[in-house]
file final23.pdb (PDB, C-alpha atoms)
ATOM      1  CA  MET R   1    -105.116  93.228 -16.533
ATOM      2  CA  ALA R   2    -102.252  91.226 -18.017
ATOM      3  CA  GLU R   3    -104.191  91.057 -21.297
ATOM      4  CA  VAL R   4    -104.629  94.830 -21.564
ATOM      5  CA  ASP R   5    -102.385  96.547 -24.120
ATOM      6  CA  LEU R   6    -101.825 100.186 -23.140
ATOM      7  CA  ASN R   7    -101.148 101.052 -26.793
ATOM      8  CA  LEU R   8    -104.631  99.784 -27.623
ATOM      9  CA  LEU R   9    -106.111 101.976 -24.916
ATOM     10  CA  LYS R  10    -104.258 105.009 -26.286
ATOM     11  CA  THR R  11    -105.654 104.189 -29.732
ATOM     12  CA  PHE R  12    -109.149 103.988 -28.270
ATOM     13  CA  VAL R  13    -108.784 107.394 -26.583
ATOM     14  CA  LEU R  14    -107.566 109.027 -29.798
ATOM     15  CA  LEU R  15    -110.323 107.414 -31.864
ATOM     16  CA  TYR R  16    -112.858 108.786 -29.391
ATOM     17  CA  GLU R  17    -111.371 112.289 -29.540
ATOM     18  CA  THR R  18    -110.776 112.507 -33.297
ATOM     19  CA  ARG R  19    -113.702 110.323 -34.493
ATOM     20  CA  SER R  20    -111.414 109.380 -37.382
ATOM     21  CA  VAL R  21    -109.124 106.453 -38.219
ATOM     22  CA  THR R  22    -107.074 108.747 -40.471
ATOM     23  CA  ARG R  23    -106.451 111.440 -37.838
ATOM     24  CA  THR R  24    -105.712 108.799 -35.187
ATOM     25  CA  ALA R  25    -103.152 107.192 -37.477
ATOM     26  CA  GLU R  26    -101.520 110.581 -38.074
ATOM     27  CA  ALA R  27    -101.368 111.312 -34.333
ATOM     28  CA  LEU R  28     -99.813 107.920 -33.574
ATOM     29  CA  VAL R  29     -97.538 107.978 -36.664
ATOM     30  CA  LEU R  30     -99.068 104.702 -37.835
ATOM     31  CA  THR R  31    -100.736 103.496 -41.018
ATOM     32  CA  GLN R  32    -104.523 103.480 -41.312
ATOM     33  CA  PRO R  33    -104.598  99.654 -41.607
ATOM     34  CA  SER R  34    -102.682  99.443 -38.309
ATOM     35  CA  VAL R  35    -105.290 101.598 -36.555
ATOM     36  CA  SER R  36    -108.128  99.603 -38.136
ATOM     37  CA  HIS R  37    -106.493  96.405 -36.873
ATOM     38  CA  ALA R  38    -106.193  97.918 -33.397
ATOM     39  CA  LEU R  39    -109.892  98.828 -33.484
ATOM     40  CA  ARG R  40    -110.789  95.219 -34.318
ATOM     41  CA  ARG R  41    -108.717  94.049 -31.355
ATOM     42  CA  LEU R  42    -110.439  96.589 -29.102
ATOM     43  CA  ARG R  43    -113.852  95.347 -30.232
ATOM     44  CA  ARG R  44    -112.891  91.781 -29.389
ATOM     45  CA  GLN R  45    -111.384  92.861 -26.057
ATOM     46  CA  PHE R  46    -114.522  94.714 -24.911
ATOM     47  CA  HIS R  47    -117.168  92.684 -26.767
ATOM     48  CA  ASP R  48    -118.657  95.830 -28.283
ATOM     49  CA  GLU R  49    -118.504  97.715 -31.603
ATOM     50  CA  LEU R  50    -117.244 100.807 -29.707
ATOM     51  CA  PHE R  51    -117.523 102.998 -32.830
ATOM     52  CA  VAL R  52    -119.925 102.938 -35.765
ATOM     53  CA  ARG R  53    -119.588 104.847 -39.017
ATOM     54  CA  SER R  54    -121.810 107.865 -39.646
ATOM     55  CA  PRO R  55    -121.818 110.887 -41.989
ATOM     56  CA  ARG R  56    -120.014 112.813 -39.216
ATOM     57  CA  GLY R  57    -117.289 110.194 -38.788
ATOM     58  CA  LEU R  58    -117.001 107.510 -36.120
ATOM     59  CA  GLU R  59    -119.785 107.697 -33.551
ATOM     60  CA  PRO R  60    -119.057 106.112 -30.141
ATOM     61  CA  THR R  61    -121.426 103.549 -28.701
ATOM     62  CA  GLY R  62    -122.792 103.804 -25.182
ATOM     63  CA  THR R  63    -120.035 101.493 -23.982
ATOM     64  CA  ALA R  64    -117.376 103.749 -25.514
ATOM     65  CA  ASP R  65    -118.959 106.825 -23.902
ATOM     66  CA  ARG R  66    -118.784 105.141 -20.500
ATOM     67  CA  MET R  67    -115.215 103.937 -20.993
ATOM     68  CA  TYR R  68    -113.635 107.104 -22.317
ATOM     69  CA  PRO R  69    -113.481 109.412 -19.239
ATOM     70  CA  ARG R  70    -111.829 106.790 -17.020
ATOM     71  CA  LEU R  71    -109.413 105.526 -19.656
ATOM     72  CA  HIS R  72    -108.416 109.077 -20.600
ATOM     73  CA  GLN R  73    -107.778 109.863 -16.948
ATOM     74  CA  ALA R  74    -105.866 106.609 -16.400
ATOM     75  CA  LEU R  75    -103.523 107.335 -19.304
ATOM     76  CA  GLU R  76    -102.946 110.853 -17.951
ATOM     77  CA  VAL R  77    -102.024 109.432 -14.555
ATOM     78  CA  ILE R  78     -99.622 106.943 -16.132
ATOM     79  CA  ALA R  79     -97.989 109.676 -18.234
ATOM     80  CA  GLU R  80     -97.565 111.948 -15.210
ATOM     81  CA  THR R  81     -96.143 109.103 -13.106
ATOM     82  CA  VAL R  82     -93.640 108.090 -15.782
ATOM     83  CA  ALA R  83     -92.626 111.725 -16.203
ATOM     84  CA  ASP R  84     -92.296 112.035 -12.411
ATOM     85  CA  VAL R  85     -94.679 115.010 -12.324
ATOM     86  CA  ALA R  86     -96.028 114.331  -8.859
ATOM     87  CA  GLU R  87     -95.742 117.959  -7.752
ATOM     88  CA  PHE R  88     -96.685 121.219  -9.416
ATOM     89  CA  ASP R  89     -94.338 124.149  -8.912
ATOM     90  CA  PRO R  90     -96.062 127.312 -10.156
ATOM     91  CA  ALA R  91     -92.837 129.299  -9.958
ATOM     92  CA  THR R  92     -91.107 127.120 -12.581
ATOM     93  CA  SER R  93     -93.972 125.544 -14.548
ATOM     94  CA  ASP R  94     -94.660 126.467 -18.168
ATOM     95  CA  ARG R  95     -98.000 124.675 -18.283
ATOM     96  CA  THR R  96    -100.905 125.980 -20.361
ATOM     97  CA  PHE R  97    -104.256 126.016 -18.538
ATOM     98  CA  ARG R  98    -107.466 125.859 -20.593
ATOM     99  CA  ILE R  99    -110.624 127.695 -19.584
ATOM    100  CA  ARG R 100    -114.069 127.571 -21.186
ATOM    101  CA  ALA R 101    -115.937 130.862 -20.706
ATOM    102  CA  THR R 102    -118.157 133.296 -22.575
ATOM    103  CA  ASP R 103    -116.788 136.517 -23.974
ATOM    104  CA  LEU R 104    -118.331 138.173 -20.889
ATOM    105  CA  GLY R 105    -115.995 136.041 -18.801
ATOM    106  CA  GLU R 106    -113.075 137.149 -20.928
ATOM    107  CA  ILE R 107    -113.987 140.807 -20.427
ATOM    108  CA  SER R 108    -114.903 140.860 -16.738
ATOM    109  CA  LEU R 109    -113.223 137.823 -15.127
ATOM    110  CA  LEU R 110    -110.070 136.993 -17.069
ATOM    111  CA  PRO R 111    -108.104 140.096 -15.936
ATOM    112  CA  ALA R 112    -108.289 139.021 -12.274
ATOM    113  CA  ILE R 113    -107.250 135.452 -13.162
ATOM    114  CA  LEU R 114    -104.302 136.611 -15.264
ATOM    115  CA  SER R 115    -103.194 138.934 -12.476
ATOM    116  CA  GLN R 116    -103.005 135.932 -10.137
ATOM    117  CA  LEU R 117    -101.005 133.884 -12.647
ATOM    118  CA  GLU R 118     -98.609 136.694 -13.468
ATOM    119  CA  ARG R 119     -97.661 137.003  -9.798
ATOM    120  CA  ARG R 120     -97.583 133.338  -8.831
ATOM    121  CA  ALA R 121     -96.897 131.373 -12.041
ATOM    122  CA  PRO R 122     -95.074 133.712 -14.415
ATOM    123  CA  GLY R 123     -94.188 130.969 -16.881
ATOM    124  CA  CYS R 124     -97.697 129.531 -17.230
ATOM    125  CA  SER R 125    -100.122 130.398 -20.004
ATOM    126  CA  VAL R 126    -103.900 130.467 -20.373
ATOM    127  CA  GLU R 127    -105.902 129.408 -23.405
ATOM    128  CA  VAL R 128    -109.493 130.669 -23.326
ATOM    129  CA  GLN R 129    -111.966 128.725 -25.443
ATOM    130  CA  GLN R 130    -115.514 129.787 -26.260
ATOM    131  CA  LEU R 131    -118.078 128.281 -23.919
ATOM    132  CA  ASP R 132    -120.800 126.022 -25.255
ATOM    133  CA  VAL R 133    -122.779 125.030 -22.183
ATOM    134  CA  ALA R 134    -124.067 121.846 -23.813
ATOM    135  CA  GLY R 135    -120.536 120.537 -24.337
ATOM    136  CA  ALA R 136    -118.911 121.864 -21.153
ATOM    137  CA  ALA R 137    -119.084 118.649 -19.121
ATOM    138  CA  ARG R 138    -117.686 116.620 -21.984
ATOM    139  CA  ALA R 139    -114.800 119.083 -22.465
ATOM    140  CA  LEU R 140    -113.825 118.638 -18.802
ATOM    141  CA  ARG R 141    -114.100 114.845 -18.942
ATOM    142  CA  GLU R 142    -112.039 114.627 -22.123
ATOM    143  CA  GLY R 143    -109.333 116.931 -20.806
ATOM    144  CA  ALA R 144    -110.069 119.566 -23.466
ATOM    145  CA  ALA R 145    -110.670 122.057 -20.637
ATOM    146  CA  ASP R 146    -109.217 122.358 -17.145
ATOM    147  CA  ALA R 147    -111.935 124.710 -15.895
ATOM    148  CA  VAL R 148    -115.358 125.980 -16.963
ATOM    149  CA  ILE R 149    -116.876 129.217 -15.645
ATOM    150  CA  CYS R 150    -120.578 129.705 -16.304
ATOM    151  CA  THR R 151    -123.988 130.656 -14.957
ATOM    152  CA  PRO R 152    -126.124 127.622 -15.953
ATOM    153  CA  ARG R 153    -125.915 124.837 -13.398
ATOM    154  CA  ILE R 154    -124.218 121.677 -14.664
ATOM    155  CA  ASP R 155    -125.420 118.746 -12.579
ATOM    156  CA  ALA R 156    -122.971 115.875 -12.973
ATOM    157  CA  PRO R 157    -121.563 113.721 -10.134
ATOM    158  CA  ASP R 158    -118.107 113.593 -11.719
ATOM    159  CA  LEU R 159    -117.768 117.394 -11.815
ATOM    160  CA  ARG R 160    -116.820 119.621  -8.891
ATOM    161  CA  ARG R 161    -118.835 122.844  -8.580
ATOM    162  CA  ASP R 162    -117.389 125.862  -6.733
ATOM    163  CA  PRO R 163    -119.777 128.853  -6.427
ATOM    164  CA  LEU R 164    -117.975 132.140  -7.118
ATOM    165  CA  PHE R 165    -120.401 135.066  -6.850
ATOM    166  CA  GLN R 166    -123.996 136.200  -7.353
ATOM    167  CA  GLU R 167    -125.054 138.162 -10.430
ATOM    168  CA  HIS R 168    -128.219 139.944 -11.588
ATOM    169  CA  TYR R 169    -129.435 141.128 -14.982
ATOM    170  CA  VAL R 170    -130.122 144.656 -16.203
ATOM    171  CA  GLY R 171    -131.452 146.075 -19.430
ATOM    172  CA  LEU R 172    -129.149 147.870 -21.849
ATOM    173  CA  CYS R 173    -130.062 150.457 -24.501
ATOM    174  CA  ALA R 174    -128.708 153.517 -26.310
ATOM    175  CA  THR R 175    -128.045 156.502 -24.057
ATOM    176  CA  GLY R 176    -130.577 158.634 -25.944
ATOM    177  CA  HIS R 177    -133.281 155.990 -26.397
ATOM    178  CA  PRO R 178    -136.499 157.981 -26.971
ATOM    179  CA  ARG R 179    -138.973 155.631 -25.287
ATOM    180  CA  ILE R 180    -137.245 153.565 -22.592
ATOM    181  CA  GLY R 181    -136.725 155.170 -19.191
ATOM    182  CA  ASP R 182    -134.964 153.905 -16.093
ATOM    183  CA  ARG R 183    -137.861 151.628 -15.073
ATOM    184  CA  PRO R 184    -139.981 150.760 -18.127
ATOM    185  CA  ALA R 185    -143.257 148.861 -17.840
ATOM    186  CA  LEU R 186    -143.366 145.321 -19.225
ATOM    187  CA  ALA R 187    -145.629 146.411 -22.096
ATOM    188  CA  ASP R 188    -143.151 149.133 -23.112
ATOM    189  CA  TYR R 189    -140.263 146.684 -22.873
ATOM    190  CA  LEU R 190    -142.021 144.134 -25.082
ATOM    191  CA  ALA R 191    -143.037 146.794 -27.616
ATOM    192  CA  GLU R 192    -139.367 147.334 -28.552
ATOM    193  CA  ARG R 193    -137.175 145.128 -30.725
ATOM    194  CA  HIS R 194    -134.289 143.299 -29.077
ATOM    195  CA  ILE R 195    -130.809 141.938 -29.658
ATOM    196  CA  ALA R 196    -130.367 138.432 -28.222
ATOM    197  CA  VAL R 197    -127.206 136.437 -27.584
ATOM    198  CA  HIS R 198    -127.137 132.800 -28.656
ATOM    199  CA  ALA R 199    -128.311 130.331 -26.011
ATOM    200  CA  ALA R 200    -124.993 128.448 -26.149
ATOM    201  CA  ALA R 201    -123.538 131.232 -23.981
ATOM    202  CA  GLY R 202    -125.913 130.162 -21.204
ATOM    203  CA  HIS R 203    -127.501 133.540 -20.410
ATOM    204  CA  VAL R 204    -131.134 132.683 -21.089
ATOM    205  CA  ASP R 205    -132.757 133.741 -17.807
ATOM    206  CA  ALA R 206    -134.590 136.775 -19.234
ATOM    207  CA  ASP R 207    -136.184 134.753 -22.034
ATOM    208  CA  GLU R 208    -137.079 131.891 -19.708
ATOM    209  CA  GLU R 209    -138.843 134.296 -17.348
ATOM    210  CA  LEU R 210    -140.752 135.834 -20.252
ATOM    211  CA  ARG R 211    -141.811 132.401 -21.494
ATOM    212  CA  ARG R 212    -142.978 131.514 -18.002
ATOM    213  CA  ARG R 213    -145.256 134.555 -18.166
ATOM    214  CA  GLY R 214    -146.454 133.720 -21.656
ATOM    215  CA  HIS R 215    -144.458 136.424 -23.470
ATOM    216  CA  HIS R 216    -141.489 136.573 -25.793
ATOM    217  CA  ARG R 217    -139.098 139.241 -27.060
ATOM    218  CA  ASP R 218    -139.283 140.551 -30.626
ATOM    219  CA  VAL R 219    -135.714 139.660 -31.600
ATOM    220  CA  ALA R 220    -134.320 141.776 -34.411
ATOM    221  CA  VAL R 221    -130.791 140.379 -34.251
ATOM    222  CA  ARG R 222    -129.275 137.251 -32.712
ATOM    223  CA  VAL R 223    -125.507 137.330 -32.165
ATOM    224  CA  PRO R 224    -123.000 134.758 -30.844
ATOM    225  CA  HIS R 225    -121.171 137.114 -28.443
ATOM    226  CA  PHE R 226    -122.001 139.781 -25.872
ATOM    227  CA  SER R 227    -119.022 141.962 -26.768
ATOM    228  CA  VAL R 228    -120.726 143.321 -29.909
ATOM    229  CA  LEU R 229    -123.790 144.537 -28.001
ATOM    230  CA  PRO R 230    -122.608 148.021 -26.944
ATOM    231  CA  GLU R 231    -121.994 149.344 -30.452
ATOM    232  CA  LEU R 232    -125.062 147.614 -31.901
ATOM    233  CA  LEU R 233    -127.273 149.118 -29.207
ATOM    234  CA  ALA R 234    -125.636 152.541 -29.383
ATOM    235  CA  ARG R 235    -126.508 152.804 -33.094
ATOM    236  CA  THR R 236    -130.085 151.472 -32.884
ATOM    237  CA  HIS R 237    -133.178 151.655 -30.684
ATOM    238  CA  HIS R 238    -132.982 147.955 -29.857
ATOM    239  CA  LEU R 239    -132.776 146.613 -26.290
ATOM    240  CA  SER R 240    -130.826 143.792 -24.665
ATOM    241  CA  ALA R 241    -130.327 142.161 -21.254
ATOM    242  CA  VAL R 242    -126.863 141.648 -19.761
ATOM    243  CA  PRO R 243    -125.330 140.693 -16.394
ATOM    244  CA  SER R 244    -124.800 143.771 -14.220
ATOM    245  CA  ARG R 245    -121.092 143.051 -13.700
ATOM    246  CA  VAL R 246    -120.261 143.670 -17.349
ATOM    247  CA  ALA R 247    -122.901 146.355 -17.875
ATOM    248  CA  GLY R 248    -120.697 148.891 -16.091
ATOM    249  CA  LEU R 249    -117.857 148.156 -18.497
ATOM    250  CA  PHE R 250    -120.176 148.623 -21.469
ATOM    251  CA  THR R 251    -121.590 151.938 -20.265
ATOM    252  CA  ARG R 252    -118.080 153.332 -19.777
ATOM    253  CA  SER R 253    -116.910 152.344 -23.242
ATOM    254  CA  SER R 254    -119.972 153.069 -25.418
ATOM    255  CA  ALA R 255    -122.986 155.378 -25.634
ATOM    256  CA  VAL R 256    -125.296 152.967 -23.798
ATOM    257  CA  ARG R 257    -127.052 153.020 -20.421
ATOM    258  CA  THR R 258    -128.734 150.503 -18.156
ATOM    259  CA  PHE R 259    -132.365 150.256 -17.055
ATOM    260  CA  ALA R 260    -134.265 148.016 -14.647
ATOM    261  CA  LEU R 261    -135.766 144.972 -16.319
ATOM    262  CA  PRO R 262    -139.538 144.680 -15.703
ATOM    263  CA  LEU R 263    -139.247 140.932 -15.171
ATOM    264  CA  GLY R 264    -138.154 140.208 -11.612
ATOM    265  CA  ILE R 265    -135.432 137.793 -12.675
ATOM    266  CA  PRO R 266    -133.859 136.108  -9.611
ATOM    267  CA  ASP R 267    -130.139 136.558  -9.057
ATOM    268  CA  VAL R 268    -127.996 133.869 -10.645
ATOM    269  CA  GLU R 269    -124.829 132.232  -9.363
ATOM    270  CA  VAL R 270    -121.647 132.089 -11.394
ATOM    271  CA  ALA R 271    -119.724 128.897 -10.648
ATOM    272  CA  LEU R 272    -116.453 127.194 -11.468
ATOM    273  CA  TYR R 273    -116.502 123.590 -12.682
ATOM    274  CA  THR R 274    -113.579 121.151 -12.709
ATOM    275  CA  TYR R 275    -113.377 117.394 -13.230
ATOM    276  CA  ARG R 276    -113.273 115.115 -10.183
ATOM    277  CA  ARG R 277    -110.243 112.910 -10.749
ATOM    278  CA  ALA R 278    -109.563 109.545  -9.183
ATOM    279  CA  LEU R 279    -106.072 110.742  -8.226
ATOM    280  CA  PRO R 280    -104.874 114.255  -7.348
ATOM    281  CA  ALA R 281    -103.976 116.589 -10.215
ATOM    282  CA  PRO R 282    -101.700 119.149  -8.521
ATOM    283  CA  GLY R 283    -101.667 121.599 -11.421
ATOM    284  CA  VAL R 284    -105.421 121.690 -11.915
ATOM    285  CA  ASP R 285    -106.021 121.807  -8.158
ATOM    286  CA  TRP R 286    -103.693 124.801  -7.855
ATOM    287  CA  PHE R 287    -105.351 126.552 -10.810
ATOM    288  CA  ARG R 288    -108.823 125.980  -9.375
ATOM    289  CA  GLU R 289    -107.822 127.587  -6.084
ATOM    290  CA  ARG R 290    -106.329 130.605  -7.855
ATOM    291  CA  ILE R 291    -109.561 131.149  -9.812
ATOM    292  CA  ARG R 292    -111.609 130.884  -6.623
ATOM    293  CA  GLU R 293    -109.281 133.312  -4.876
ATOM    294  CA  ALA R 294    -109.454 135.807  -7.749
ATOM    295  CA  LEU R 295    -113.212 135.708  -8.334
ATOM    296  CA  ARG R 296    -115.077 134.578  -5.238
ATOM    297  CA  ASP R 297    -117.516 137.213  -3.924
ATOM    298  CA  ARG R 298    -116.044 139.966  -6.121
TER
END
call {"tool": "encode", "arguments": {"input": "final23.pdb", "output": "structure tokens"}}
result
Amino acid sequence: MAEVDLNLLKTFVLLYETRSVTRTAEALVLTQPSVSHALRRLRRQFHDELFVRSPRGLEPTGTADRMYPRLHQALEVIAETVADVAEFDPATSDRTFRIRATDLGEISLLPAILSQLERRAPGCSVEVQQLDVAGAARALREGAADAVICTPRIDAPDLRRDPLFQEHYVGLCATGHPRIGDRPALADYLAERHIAVHAAAGHVDADEELRRRGHHRDVAVRVPHFSVLPELLARTHHLSAVPSRVAGLFTRSSAVRTFALPLGIPDVEVALYTYRRALPAPGVDWFRERIREALRDR
């Protein structure tokens, strides 16, 4: 431990996050040769290349991937200890909490979370970032997100999973759709064209059930967000599938209605994910409990 230079470890963490010698040098207010020299020392220290050049910038090796979460967390702990931030006081804190969620989460879940914060932590802020399920675990490990709310299950031993509530899917179409009734047959459902939301949002249950049965939707439009669906559906004869919780909001705001999906999709569970830290993180722990309190079994 006596041979470990904390400045080198900070350089490693920034290189991992930026994937760039130039951006790391800018963040540390150093020259690029100084950062390159630090990288050479790191490679000697850990007997590994750590980063290799690629068209996308510096790519971490397997050793670097394994090192990063713990070193990032260790530097956070040191910074908090030096700053004497052992306790979190919501009444006086001005911390910004970062959530990864879909636009559905922003529409249907964020109001309850903000209501909790306004009452209990009036000086705190929330930054909502678009959810990409594939990168959610990494965002938590790297400290880019404090919490992730999603439907797909993320199985990782270093993440804590708190179930929030059950959800089911319904169909959505224009109010005056000429062919789709309240309970269409599967053949009628498949005969229509559909609007699909990108898989990165995590809501793929309807398509997975269709594939299991050997079918697929005729997708006319693929969009990145759910929030555009109501107006797109109201002006076309296309169909879509959405979680029931947000469907009620859509039907109140646009000329769309729900119908029963002819698929028998099982209910899904919306869960909250946070990173399991080696030492307590009072702020994140408090925020996690407020989300659970605001959303559990709603």
call {"tool": "atom_distance", "arguments": {"input": "final23.pdb", "atom1": "CA of Ala260 in chain R", "atom2": "CA of Ala200 in chain R"}}
result
24.5 Å
call {"tool": "atom_distance", "arguments": {"input": "final23.pdb", "atom1": "CA of Gln32 in chain R", "atom2": "CA of Leu58 in chain R"}}
result
14.1 Å
call {"tool": "closest_residue", "arguments": {"input": "final23.pdb", "among": "R:Val13, R:Val29, R:Ala294, R:Ala74", "to": "Leu50 in chain R", "atoms": "all atoms listed in the file"}}
result
R:Val13
call {"tool": "resolve_selection", "arguments": {"input": "final23.pdb", "expression": "the PyMOL selection byres ((chain R and resi 224-231) around 8)", "output": "ChimeraX atom specification"}}
result
/R:102-104,195,197-198,201,222-223,232-235,240,250-251,254-256
call {"tool": "resolve_selection", "arguments": {"input": "final23.pdb", "expression": "the PyMOL selection byres ((chain R and resi 130) around 9)", "output": "JSON, numbers by chain"}}
result
{"R": [99, 100, 101, 102, 103, 128, 129, 131, 132, 201]}
call {"tool": "axis_aligned_box", "arguments": {"input": "final23.pdb", "around": "range 15-28 of chain R", "padding_each_side": "6 Å", "output": "lines of an AutoDock Vina configuration file"}}
result
center_x = -106.8
center_y = 109.5
center_z = -34.9
size_x = 25.9
size_y = 18.1
size_z = 23.1
call {"tool": "residues_around", "arguments": {"input": "final23.pdb", "residues": "range 135-140 of chain R", "least_positions_apart": "2", "cutoff": "12 Å", "atoms": "only C-alpha atoms", "output": "MDAnalysis selection string"}}
result
chainID R and resid 16:17 65:66 68:69 72:73 98:102 129:133 142:161 200:202 272:277 284
call {"tool": "write_last_selection", "arguments": {"input": "final23.pdb", "atoms": "C-alpha atoms", "output": "PDB file, in the coordinates of the input"}}
result
ATOM      1  CA  TYR R  16    -112.858 108.786 -29.391  1.00  0.00           C
ATOM      2  CA  GLU R  17    -111.371 112.289 -29.540  1.00  0.00           C
ATOM      3  CA  ASP R  65    -118.959 106.825 -23.902  1.00  0.00           C
ATOM      4  CA  ARG R  66    -118.784 105.141 -20.500  1.00  0.00           C
ATOM      5  CA  TYR R  68    -113.635 107.104 -22.317  1.00  0.00           C
ATOM      6  CA  PRO R  69    -113.481 109.412 -19.239  1.00  0.00           C
ATOM      7  CA  HIS R  72    -108.416 109.077 -20.600  1.00  0.00           C
ATOM      8  CA  GLN R  73    -107.778 109.863 -16.948  1.00  0.00           C
ATOM      9  CA  ARG R  98    -107.466 125.859 -20.593  1.00  0.00           C
ATOM     10  CA  ILE R  99    -110.624 127.695 -19.584  1.00  0.00           C
ATOM     11  CA  ARG R 100    -114.069 127.571 -21.186  1.00  0.00           C
ATOM     12  CA  ALA R 101    -115.937 130.862 -20.706  1.00  0.00           C
ATOM     13  CA  THR R 102    -118.157 133.296 -22.575  1.00  0.00           C
ATOM     14  CA  GLN R 129    -111.966 128.725 -25.443  1.00  0.00           C
ATOM     15  CA  GLN R 130    -115.514 129.787 -26.260  1.00  0.00           C
ATOM     16  CA  LEU R 131    -118.078 128.281 -23.919  1.00  0.00           C
ATOM     17  CA  ASP R 132    -120.800 126.022 -25.255  1.00  0.00           C
ATOM     18  CA  VAL R 133    -122.779 125.030 -22.183  1.00  0.00           C
ATOM     19  CA  GLU R 142    -112.039 114.627 -22.123  1.00  0.00           C
ATOM     20  CA  GLY R 143    -109.333 116.931 -20.806  1.00  0.00           C
ATOM     21  CA  ALA R 144    -110.069 119.566 -23.466  1.00  0.00           C
ATOM     22  CA  ALA R 145    -110.670 122.057 -20.637  1.00  0.00           C
ATOM     23  CA  ASP R 146    -109.217 122.358 -17.145  1.00  0.00           C
ATOM     24  CA  ALA R 147    -111.935 124.710 -15.895  1.00  0.00           C
ATOM     25  CA  VAL R 148    -115.358 125.980 -16.963  1.00  0.00           C
ATOM     26  CA  ILE R 149    -116.876 129.217 -15.645  1.00  0.00           C
ATOM     27  CA  CYS R 150    -120.578 129.705 -16.304  1.00  0.00           C
ATOM     28  CA  THR R 151    -123.988 130.656 -14.957  1.00  0.00           C
ATOM     29  CA  PRO R 152    -126.124 127.622 -15.953  1.00  0.00           C
ATOM     30  CA  ARG R 153    -125.915 124.837 -13.398  1.00  0.00           C
ATOM     31  CA  ILE R 154    -124.218 121.677 -14.664  1.00  0.00           C
ATOM     32  CA  ASP R 155    -125.420 118.746 -12.579  1.00  0.00           C
ATOM     33  CA  ALA R 156    -122.971 115.875 -12.973  1.00  0.00           C
ATOM     34  CA  PRO R 157    -121.563 113.721 -10.134  1.00  0.00           C
ATOM     35  CA  ASP R 158    -118.107 113.593 -11.719  1.00  0.00           C
ATOM     36  CA  LEU R 159    -117.768 117.394 -11.815  1.00  0.00           C
ATOM     37  CA  ARG R 160    -116.820 119.621  -8.891  1.00  0.00           C
ATOM     38  CA  ARG R 161    -118.835 122.844  -8.580  1.00  0.00           C
ATOM     39  CA  ALA R 200    -124.993 128.448 -26.149  1.00  0.00           C
ATOM     40  CA  ALA R 201    -123.538 131.232 -23.981  1.00  0.00           C
ATOM     41  CA  GLY R 202    -125.913 130.162 -21.204  1.00  0.00           C
ATOM     42  CA  LEU R 272    -116.453 127.194 -11.468  1.00  0.00           C
ATOM     43  CA  TYR R 273    -116.502 123.590 -12.682  1.00  0.00           C
ATOM     44  CA  THR R 274    -113.579 121.151 -12.709  1.00  0.00           C
ATOM     45  CA  TYR R 275    -113.377 117.394 -13.230  1.00  0.00           C
ATOM     46  CA  ARG R 276    -113.273 115.115 -10.183  1.00  0.00           C
ATOM     47  CA  ARG R 277    -110.243 112.910 -10.749  1.00  0.00           C
ATOM     48  CA  VAL R 284    -105.421 121.690 -11.915  1.00  0.00           C
TER      49      VAL R 284
END
call {"tool": "atom_distance", "arguments": {"input": "final23.pdb", "atom1": "CA of Val270 in chain R", "atom2": "CA of Gln166 in chain R"}}
result
6.2 Å
call {"tool": "closest_residue", "arguments": {"input": "final23.pdb", "among": "R:Pro111, R:Pro243, R:Gly214, R:Gly181", "to": "Asp267 in chain R", "atoms": "all atoms listed in the file"}}
result
R:Pro243
call {"tool": "residues_around", "arguments": {"input": "final23.pdb", "residues": "range 41-44 of chain R", "least_positions_apart": "4", "cutoff": "12 Å", "atoms": "only C-alpha atoms", "output": "list in words"}}
result
Glu3, Val4, Asp5, Leu6, Asn7, Leu8, Leu9, Lys10, Thr11, Phe12, Val13, Leu15, Ser34, Val35, Ser36, His37, Asp48, Glu49, Leu50, Phe51, Val52, Pro60, Thr61, Thr63, Ala64 and Met67 of chain R
call {"tool": "closest_residue", "arguments": {"input": "final23.pdb", "among": "R:Arg183, R:His168, R:Arg95, R:Arg290", "to": "Val246 in chain R", "atoms": "only C-alpha atoms"}}
result
R:His168
call {"tool": "closest_residue", "arguments": {"input": "final23.pdb", "among": "R:Leu71, R:Ile113, R:Asp218, R:Arg296", "to": "Pro163 in chain R", "atoms": "all atoms listed in the file"}}
result
R:Arg296
call {"tool": "residues_around", "arguments": {"input": "final23.pdb", "residues": "Glu87 in chain R", "least_positions_apart": "5", "cutoff": "12 Å", "atoms": "only C-alpha atoms", "output": "count of residues only"}}
result
11
call {"tool": "resolve_selection", "arguments": {"input": "final23.pdb", "expression": "the PyMOL selection byres ((chain R and resi 190) around 10)", "output": "PDB file with C-alpha atoms, keeping the file's coordinate frame"}}
result
ATOM      1  CA  PRO R 184    -139.981 150.760 -18.127  1.00  0.00           C
ATOM      2  CA  ALA R 185    -143.257 148.861 -17.840  1.00  0.00           C
ATOM      3  CA  LEU R 186    -143.366 145.321 -19.225  1.00  0.00           C
ATOM      4  CA  ALA R 187    -145.629 146.411 -22.096  1.00  0.00           C
ATOM      5  CA  ASP R 188    -143.151 149.133 -23.112  1.00  0.00           C
ATOM      6  CA  TYR R 189    -140.263 146.684 -22.873  1.00  0.00           C
ATOM      7  CA  ALA R 191    -143.037 146.794 -27.616  1.00  0.00           C
ATOM      8  CA  GLU R 192    -139.367 147.334 -28.552  1.00  0.00           C
ATOM      9  CA  ARG R 193    -137.175 145.128 -30.725  1.00  0.00           C
ATOM     10  CA  HIS R 194    -134.289 143.299 -29.077  1.00  0.00           C
ATOM     11  CA  LEU R 210    -140.752 135.834 -20.252  1.00  0.00           C
ATOM     12  CA  HIS R 215    -144.458 136.424 -23.470  1.00  0.00           C
ATOM     13  CA  HIS R 216    -141.489 136.573 -25.793  1.00  0.00           C
ATOM     14  CA  ARG R 217    -139.098 139.241 -27.060  1.00  0.00           C
ATOM     15  CA  ASP R 218    -139.283 140.551 -30.626  1.00  0.00           C
ATOM     16  CA  LEU R 239    -132.776 146.613 -26.290  1.00  0.00           C
ATOM     17  CA  PRO R 262    -139.538 144.680 -15.703  1.00  0.00           C
TER      18      PRO R 262
END
